[in-house]
Protein chains: 2
Amino acid sequence: MSAAEARTAVIALGGNALSPPGERATIADQFRHTRKSLEPIVDLALQGWNLCIVHGNGPQVGDELTRNELARGEVEPLPLGVLVASTAGWIGYMIQQSLENALQRAGSTREVVTLITQVQVRPDDPAMADPTKLIGHDLTEGRARSLELKGHAVKEVDGAYRRIVGSPAPWMVHELGVIKFLVDRGTIVIACGGGGVPVFRDEELGLEGVDAVVDKDLAAAVIARDLGADLFMILTNVDAVYADWGTDQQRALTELTVEEAERLDAAGALGEGSMAPKVRGAVDYVRHTSGRAIIAELAQGRDAVRGTAGTTILP
Amino acid sequence: MSAAEARTAVIALGGNALSPPGERATIADQFRHTRKSLEPIVDLALQGWNLCIVHGNGPQVGDELTRNELARGEVEPLPLGVLVASTAGWIGYMIQQSLENALQRAGSTREVVTLITQVQVRPDDPAMADPTKLIGHDLTEGRARSLELKGHAVKEVDGAYRRIVGSPAPWMVHELGVIKFLVDRGTIVIACGGGGVPVFRDEELGLEGVDAVVDKDLAAAVIARDLGADLFMILTNVDAVYADWGTDQQRALTELTVEEAERLDAAGALGEGSMAPKVRGAVDYVRHTSGRAIIAELAQGRDAVRGTAGTTILP
């Protein structure tokens with residue numbers, strides 16, 4: 001089977017897939033954890049799948065925001081979009097090196113590259129005016145007030161303070177053409193790290209960055225949809241989609257049609273937090289392609305690849 | 001002329017091409033300065049050249065080192081190689097967006113991408129044991145001593161202190177195959193930002209990062225050589241190669257053969273600092289290809305493209 005005939009999978013890896021739980025992960029910890037996280041991707045690569053990998057950056061961009069704030073007295077802080085590009089650079093480097101090494105040990109010479117990616121959002125996306133995405137580490141009240149004075153939105157959550165930004169919907173990955181070109185060739189492409197840098201098209205200036213973040217699962221779903229991928233897999237820290245999440249009746253779902261998924265979502269039965277966008281991304285992808293989506297726990301990624309773990313979303 | 005038949009140029013842009021002189025450049029300053037710096041590249045792109053761009057990261061990685069040091073109490077500092085990947089991500093984003101916007105205003109739809117790049121060095125490179133490359137901003141004596149205690153080499157220069165690291169010779173750009181594939185297709189590729197992440201090949205583990213920096217002009221020369229580029233252009237803050245630099249007899253050279261260049265270098269007549277590696281990179285490239293190399297001042301980049309500024313190095 002040549003690369004051009006191979007099936008294509010898009011894999012979304014949670015930011016926690018790269019940074020182990022707990023505070024102050026050193027870079028050695030992160031490399032070690034990353035190697036472990038890549039096992040299901042190695043399996044797919046060895047089976048001949050064409051692959052695009054999207055990763056989160058939550059813990060890492062939190063570190064960057066802290067560095068930028070604490071050094072503000074000496075060096076200008078970078079805006080959020082630039083920090084997304086920065087974390088996409090260094091997390092991409094970690095993944096591409098770790099994955100190529102793992103593939104080589106398994107006898108594969110497939111190449112892995114990281115592309116810095118811009119994701120177009122609509123400047124009038126209502127999410128821009130209504131920030132809901134918590135970013136960065138917990139802040140003391142003093143630091144929270146200081147950030148507010150500098151124009152950043154801050155929210156109190158469980159007695160601590162966090163920065164909060166808009167999370168507009170991705171509608172197009174600007175570099176899709178190059179991603180497709182490389183993926184079809186068999187190159188494993190890491191793209192849209194941290195959801196990609198959110199940009200909009202200004203009539204006069206062209207592309208311009210916005211101070212926001214794009215949900216990485218939704219960005220990955222857009223890539224999977226627009227590549228016409230055969231498989232879209234979201235590897236996260238929950239082992240399946242649950243019905244009645246957080247209640248006595250909660251139960252893991254092995255399979256879900258898009259209609260069932262939409263019904264659960266509309267009823268608010270997916271639980272708050274990060275599962276709803278994952279399911280919405282998966283549904284949008286399945287609706288537009290003939291592919292299947294799997295949402296599974298990272299630690300069960302190899303089983304999920306075999307179809308024996310996680311939740312599969314079907315047409 | 002199709003992209004596959006087009007001539008190929010590799011352009012090395014100094015870190016100062018992106019960050020304006022003076023302290024505390026905001027990101028808006030950097031974007032504005034970057035747009036201006038890209039004019040010669042826009043000219044080449046409009047003339048149909050296939051292009052690969054390599055950029056420096058001196059001022060930017062200096063900022064990153066400061067951020068990492070000042071935040072050390074709260075978040076783990078990142079090693080130098082990871083910071084190179086980080087700056088390659090965000091500077092690459094700035095260049096790709098600014099360049100594509102400039103091309104679009106000029107009526108061109110050529111696409112621009114950033115690849116995170118690893119550069120293989122030899123683990124036994126003597127430069128690893130003998131650090132000579134100053135990095136980061138000026139340090140107070142107190143901060144210098146604290147860095148030394150953490151295992152970093154520090155040097156006193158003109159009454160201030162700087163970090164100093166090894167700068168091993170690049171001998172192979174790991175992602176060359178993908179760079180060539182995209183460049184030949186007409187995609188403008190930004191690669192080896194900050195000289196690329198230095199790595200070596202460990203027999204058992206595969207590629208491993210090293211705590212060092214690669215000279216970006218030498219890395220660009222390796223790309224130009226291995227792509228078989230027709231033109232290699234280094235845009236910097238000096239308007240030409242000078243003979244007898246720093247003496248009463250100093251004079252700008254319009255043309256230089258590789259033999260003349262090597263004679264000047266051997267005689268120490270190129271002056272200390274950054275010109276010697278530029279000339280050595282250019283000479284190595286010209287020797288291995290039938291191309292020509294130009295070293296010119298960034299502000300005269302458009303004239304250099306026309307052949308009316310800078311120093312041309314010929315076989």
# chains A, B, ... in the order shown; residues from 1 in each chain; ligands from 1

call {"tool": "residues_around", "arguments": {"residues": "Tyr242 (chain A)", "least_positions_apart": "4", "cutoff": "7 Å", "atoms": "only C-alpha atoms", "output": "list in words"}}
result
Gln250, Arg251, Ala252, Leu253 and Leu270 of chain A

call {"tool": "residues_around", "arguments": {"residues": "region 220-224 of chain B", "least_positions_apart": "5", "cutoff": "8 Å", "atoms": "only C-alpha atoms", "output": "ChimeraX atom specification"}}
result
/B:9-12,54,170-173,176,192,195,229,231-232,281-282,284-285

call {"tool": "residues_around", "arguments": {"residues": "Leu99 (chain A)", "least_positions_apart": "2", "cutoff": "12 Å", "atoms": "only C-alpha atoms", "output": "ChimeraX atom specification"}}
result
/A:31-32,34-46,51,53,91-97,101-106,108-114,188-190 /B:205-207

call {"tool": "closest_residue", "arguments": {"among": "A:His33, A:His174, A:Lys278, A:Arg7", "to": "chain B", "atoms": "only C-alpha atoms"}}
result
A:His174

call {"tool": "select_by_dssp", "arguments": {"residues": "region 14-196 of chain A", "states": "alpha helix (DSSP H)", "output": "PyMOL selection string"}}
result
chain A and resi 27-37+39-46+58-70+80-105+126-129+141-149+176-185

call {"tool": "atom_distance", "arguments": {"atom1": "CA of Asp138 (chain B)", "atom2": "CA of Glu69 (chain B)"}}
result
12.8 Å

call {"tool": "residues_around", "arguments": {"residues": "Ile27 (chain A)", "least_positions_apart": "3", "cutoff": "8 Å", "atoms": "only C-alpha atoms", "output": "list in words"}}
result
Gln30 and Phe31 of chain A; Glu76, Leu78 and Pro79 of chain B

call {"tool": "write_last_selection", "arguments": {"atoms": "all heavy atoms", "output": "PDB file, in the first residue's frame"}}
result
ATOM      1  N   GLN A  30       8.656  15.696  31.113  1.00  0.00           N
ATOM      2  CA  GLN A  30       7.747  15.885  29.971  1.00  0.00           C
ATOM      3  C   GLN A  30       8.139  14.987  28.804  1.00  0.00           C
ATOM      4  O   GLN A  30       7.281  14.421  28.127  1.00  0.00           O
ATOM      5  CB  GLN A  30       7.714  17.359  29.555  1.00  0.00           C
ATOM      6  CG  GLN A  30       7.168  18.259  30.660  1.00  0.00           C
ATOM      7  CD  GLN A  30       6.628  19.597  30.152  1.00  0.00           C
ATOM      8  OE1 GLN A  30       6.168  19.703  29.020  1.00  0.00           O
ATOM      9  NE2 GLN A  30       6.672  20.610  30.986  1.00  0.00           N
ATOM     10  N   PHE A  31       9.441  14.858  28.551  1.00  0.00           N
ATOM     11  CA  PHE A  31       9.895  13.974  27.470  1.00  0.00           C
ATOM     12  C   PHE A  31       9.491  12.526  27.769  1.00  0.00           C
ATOM     13  O   PHE A  31       9.013  11.799  26.899  1.00  0.00           O
ATOM     14  CB  PHE A  31      11.418  14.060  27.288  1.00  0.00           C
ATOM     15  CG  PHE A  31      11.855  15.027  26.216  1.00  0.00           C
ATOM     16  CD1 PHE A  31      12.402  16.259  26.541  1.00  0.00           C
ATOM     17  CD2 PHE A  31      11.728  14.705  24.871  1.00  0.00           C
ATOM     18  CE1 PHE A  31      12.804  17.147  25.553  1.00  0.00           C
ATOM     19  CE2 PHE A  31      12.132  15.584  23.874  1.00  0.00           C
ATOM     20  CZ  PHE A  31      12.671  16.814  24.227  1.00  0.00           C
TER      21      PHE A  31
ATOM     22  N   GLU B  76       9.576  25.490  36.152  1.00  0.00           N
ATOM     23  CA  GLU B  76      10.871  24.948  35.745  1.00  0.00           C
ATOM     24  C   GLU B  76      11.396  25.673  34.504  1.00  0.00           C
ATOM     25  O   GLU B  76      10.670  25.812  33.523  1.00  0.00           O
ATOM     26  CB  GLU B  76      10.739  23.462  35.409  1.00  0.00           C
ATOM     27  CG  GLU B  76      10.614  22.542  36.588  1.00  0.00           C
ATOM     28  CD  GLU B  76      11.880  22.480  37.438  1.00  0.00           C
ATOM     29  OE1 GLU B  76      12.988  22.630  36.895  1.00  0.00           O
ATOM     30  OE2 GLU B  76      11.728  22.283  38.659  1.00  0.00           O
ATOM     31  N   LEU B  78      13.230  26.032  30.971  1.00  0.00           N
ATOM     32  CA  LEU B  78      13.380  25.124  29.832  1.00  0.00           C
ATOM     33  C   LEU B  78      14.831  25.135  29.364  1.00  0.00           C
ATOM     34  O   LEU B  78      15.491  26.174  29.413  1.00  0.00           O
ATOM     35  CB  LEU B  78      12.473  25.585  28.683  1.00  0.00           C
ATOM     36  CG  LEU B  78      10.969  25.582  29.000  1.00  0.00           C
ATOM     37  CD1 LEU B  78      10.188  26.271  27.893  1.00  0.00           C
ATOM     38  CD2 LEU B  78      10.479  24.148  29.181  1.00  0.00           C
ATOM     39  N   PRO B  79      15.336  23.999  28.886  1.00  0.00           N
ATOM     40  CA  PRO B  79      16.712  23.987  28.374  1.00  0.00           C
ATOM     41  C   PRO B  79      16.810  24.758  27.051  1.00  0.00           C
ATOM     42  O   PRO B  79      15.803  25.030  26.388  1.00  0.00           O
ATOM     43  CB  PRO B  79      17.007  22.507  28.174  1.00  0.00           C
ATOM     44  CG  PRO B  79      15.685  21.839  28.087  1.00  0.00           C
ATOM     45  CD  PRO B  79      14.706  22.681  28.838  1.00  0.00           C
TER      46      PRO B  79
END

call {"tool": "decode", "arguments": {"residues": "region 223-248 of chain B", "atoms": "N, CA and C atoms", "output": "PDB file, in the first residue's frame"}}
result
ATOM      1  N   ILE B 223      21.866  24.200   4.534  1.00  0.00           N
ATOM      2  CA  ILE B 223      20.629  24.019   3.743  1.00  0.00           C
ATOM      3  C   ILE B 223      20.876  24.410   2.290  1.00  0.00           C
ATOM      4  N   ALA B 224      21.518  25.577   2.084  1.00  0.00           N
ATOM      5  CA  ALA B 224      21.767  26.058   0.714  1.00  0.00           C
ATOM      6  C   ALA B 224      22.602  25.041  -0.059  1.00  0.00           C
ATOM      7  N   ARG B 225      23.620  24.515   0.602  1.00  0.00           N
ATOM      8  CA  ARG B 225      24.495  23.517  -0.028  1.00  0.00           C
ATOM      9  C   ARG B 225      23.708  22.250  -0.352  1.00  0.00           C
ATOM     10  N   ASP B 226      22.953  21.738   0.635  1.00  0.00           N
ATOM     11  CA  ASP B 226      22.310  20.437   0.441  1.00  0.00           C
ATOM     12  C   ASP B 226      21.064  20.518  -0.434  1.00  0.00           C
ATOM     13  N   LEU B 227      20.486  21.722  -0.558  1.00  0.00           N
ATOM     14  CA  LEU B 227      19.406  21.908  -1.547  1.00  0.00           C
ATOM     15  C   LEU B 227      19.986  22.113  -2.942  1.00  0.00           C
ATOM     16  N   GLY B 228      21.299  22.377  -3.019  1.00  0.00           N
ATOM     17  CA  GLY B 228      21.882  22.764  -4.303  1.00  0.00           C
ATOM     18  C   GLY B 228      21.305  24.095  -4.778  1.00  0.00           C
ATOM     19  N   ALA B 229      21.154  25.041  -3.861  1.00  0.00           N
ATOM     20  CA  ALA B 229      20.517  26.330  -4.188  1.00  0.00           C
ATOM     21  C   ALA B 229      21.360  27.103  -5.191  1.00  0.00           C
ATOM     22  N   ASP B 230      20.700  27.957  -5.989  1.00  0.00           N
ATOM     23  CA  ASP B 230      21.398  28.796  -6.963  1.00  0.00           C
ATOM     24  C   ASP B 230      21.936  30.065  -6.325  1.00  0.00           C
ATOM     25  N   LEU B 231      21.340  30.462  -5.212  1.00  0.00           N
ATOM     26  CA  LEU B 231      21.715  31.715  -4.541  1.00  0.00           C
ATOM     27  C   LEU B 231      21.608  31.514  -3.037  1.00  0.00           C
ATOM     28  N   PHE B 232      22.608  32.011  -2.327  1.00  0.00           N
ATOM     29  CA  PHE B 232      22.586  31.992  -0.865  1.00  0.00           C
ATOM     30  C   PHE B 232      22.863  33.416  -0.415  1.00  0.00           C
ATOM     31  N   MET B 233      21.912  34.013   0.270  1.00  0.00           N
ATOM     32  CA  MET B 233      22.032  35.422   0.644  1.00  0.00           C
ATOM     33  C   MET B 233      21.964  35.569   2.164  1.00  0.00           C
ATOM     34  N   ILE B 234      22.973  36.241   2.725  1.00  0.00           N
ATOM     35  CA  ILE B 234      22.984  36.514   4.161  1.00  0.00           C
ATOM     36  C   ILE B 234      22.711  38.003   4.352  1.00  0.00           C
ATOM     37  N   LEU B 235      21.588  38.333   4.977  1.00  0.00           N
ATOM     38  CA  LEU B 235      21.235  39.738   5.220  1.00  0.00           C
ATOM     39  C   LEU B 235      21.487  40.058   6.686  1.00  0.00           C
ATOM     40  N   THR B 236      22.373  41.030   6.913  1.00  0.00           N
ATOM     41  CA  THR B 236      22.869  41.264   8.267  1.00  0.00           C
ATOM     42  C   THR B 236      22.934  42.759   8.556  1.00  0.00           C
ATOM     43  N   ASN B 237      23.703  43.155   9.565  1.00  0.00           N
ATOM     44  CA  ASN B 237      23.769  44.580   9.916  1.00  0.00           C
ATOM     45  C   ASN B 237      25.064  45.249   9.440  1.00  0.00           C
ATOM     46  N   VAL B 238      25.832  44.563   8.585  1.00  0.00           N
ATOM     47  CA  VAL B 238      27.037  45.154   7.993  1.00  0.00           C
ATOM     48  C   VAL B 238      26.833  45.146   6.484  1.00  0.00           C
ATOM     49  N   ASP B 239      27.288  46.198   5.795  1.00  0.00           N
ATOM     50  CA  ASP B 239      26.895  46.357   4.388  1.00  0.00           C
ATOM     51  C   ASP B 239      27.726  45.533   3.404  1.00  0.00           C
ATOM     52  N   ALA B 240      28.821  44.942   3.878  1.00  0.00           N
ATOM     53  CA  ALA B 240      29.653  44.150   2.964  1.00  0.00           C
ATOM     54  C   ALA B 240      30.713  43.417   3.772  1.00  0.00           C
ATOM     55  N   VAL B 241      31.412  42.520   3.101  1.00  0.00           N
ATOM     56  CA  VAL B 241      32.629  41.961   3.694  1.00  0.00           C
ATOM     57  C   VAL B 241      33.733  43.003   3.496  1.00  0.00           C
ATOM     58  N   TYR B 242      34.483  43.252   4.541  1.00  0.00           N
ATOM     59  CA  TYR B 242      35.558  44.234   4.478  1.00  0.00           C
ATOM     60  C   TYR B 242      36.913  43.535   4.560  1.00  0.00           C
ATOM     61  N   ALA B 243      37.878  44.043   3.815  1.00  0.00           N
ATOM     62  CA  ALA B 243      39.267  43.642   4.045  1.00  0.00           C
ATOM     63  C   ALA B 243      39.836  44.586   5.098  1.00  0.00           C
ATOM     64  N   ASP B 244      40.744  44.050   5.910  1.00  0.00           N
ATOM     65  CA  ASP B 244      41.393  44.854   6.961  1.00  0.00           C
ATOM     66  C   ASP B 244      40.384  45.570   7.849  1.00  0.00           C
ATOM     67  N   TRP B 245      39.325  44.865   8.188  1.00  0.00           N
ATOM     68  CA  TRP B 245      38.256  45.405   9.031  1.00  0.00           C
ATOM     69  C   TRP B 245      38.830  45.975  10.333  1.00  0.00           C
ATOM     70  N   GLY B 246      38.373  47.173  10.679  1.00  0.00           N
ATOM     71  CA  GLY B 246      38.775  47.782  11.949  1.00  0.00           C
ATOM     72  C   GLY B 246      40.103  48.506  11.889  1.00  0.00           C
ATOM     73  N   THR B 247      40.699  48.562  10.694  1.00  0.00           N
ATOM     74  CA  THR B 247      41.960  49.303  10.551  1.00  0.00           C
ATOM     75  C   THR B 247      41.725  50.522   9.652  1.00  0.00           C
ATOM     76  N   ASP B 248      42.764  51.362   9.523  1.00  0.00           N
ATOM     77  CA  ASP B 248      42.677  52.535   8.626  1.00  0.00           C
ATOM     78  C   ASP B 248      42.449  52.119   7.177  1.00  0.00           C
TER      79      ASP B 248
END
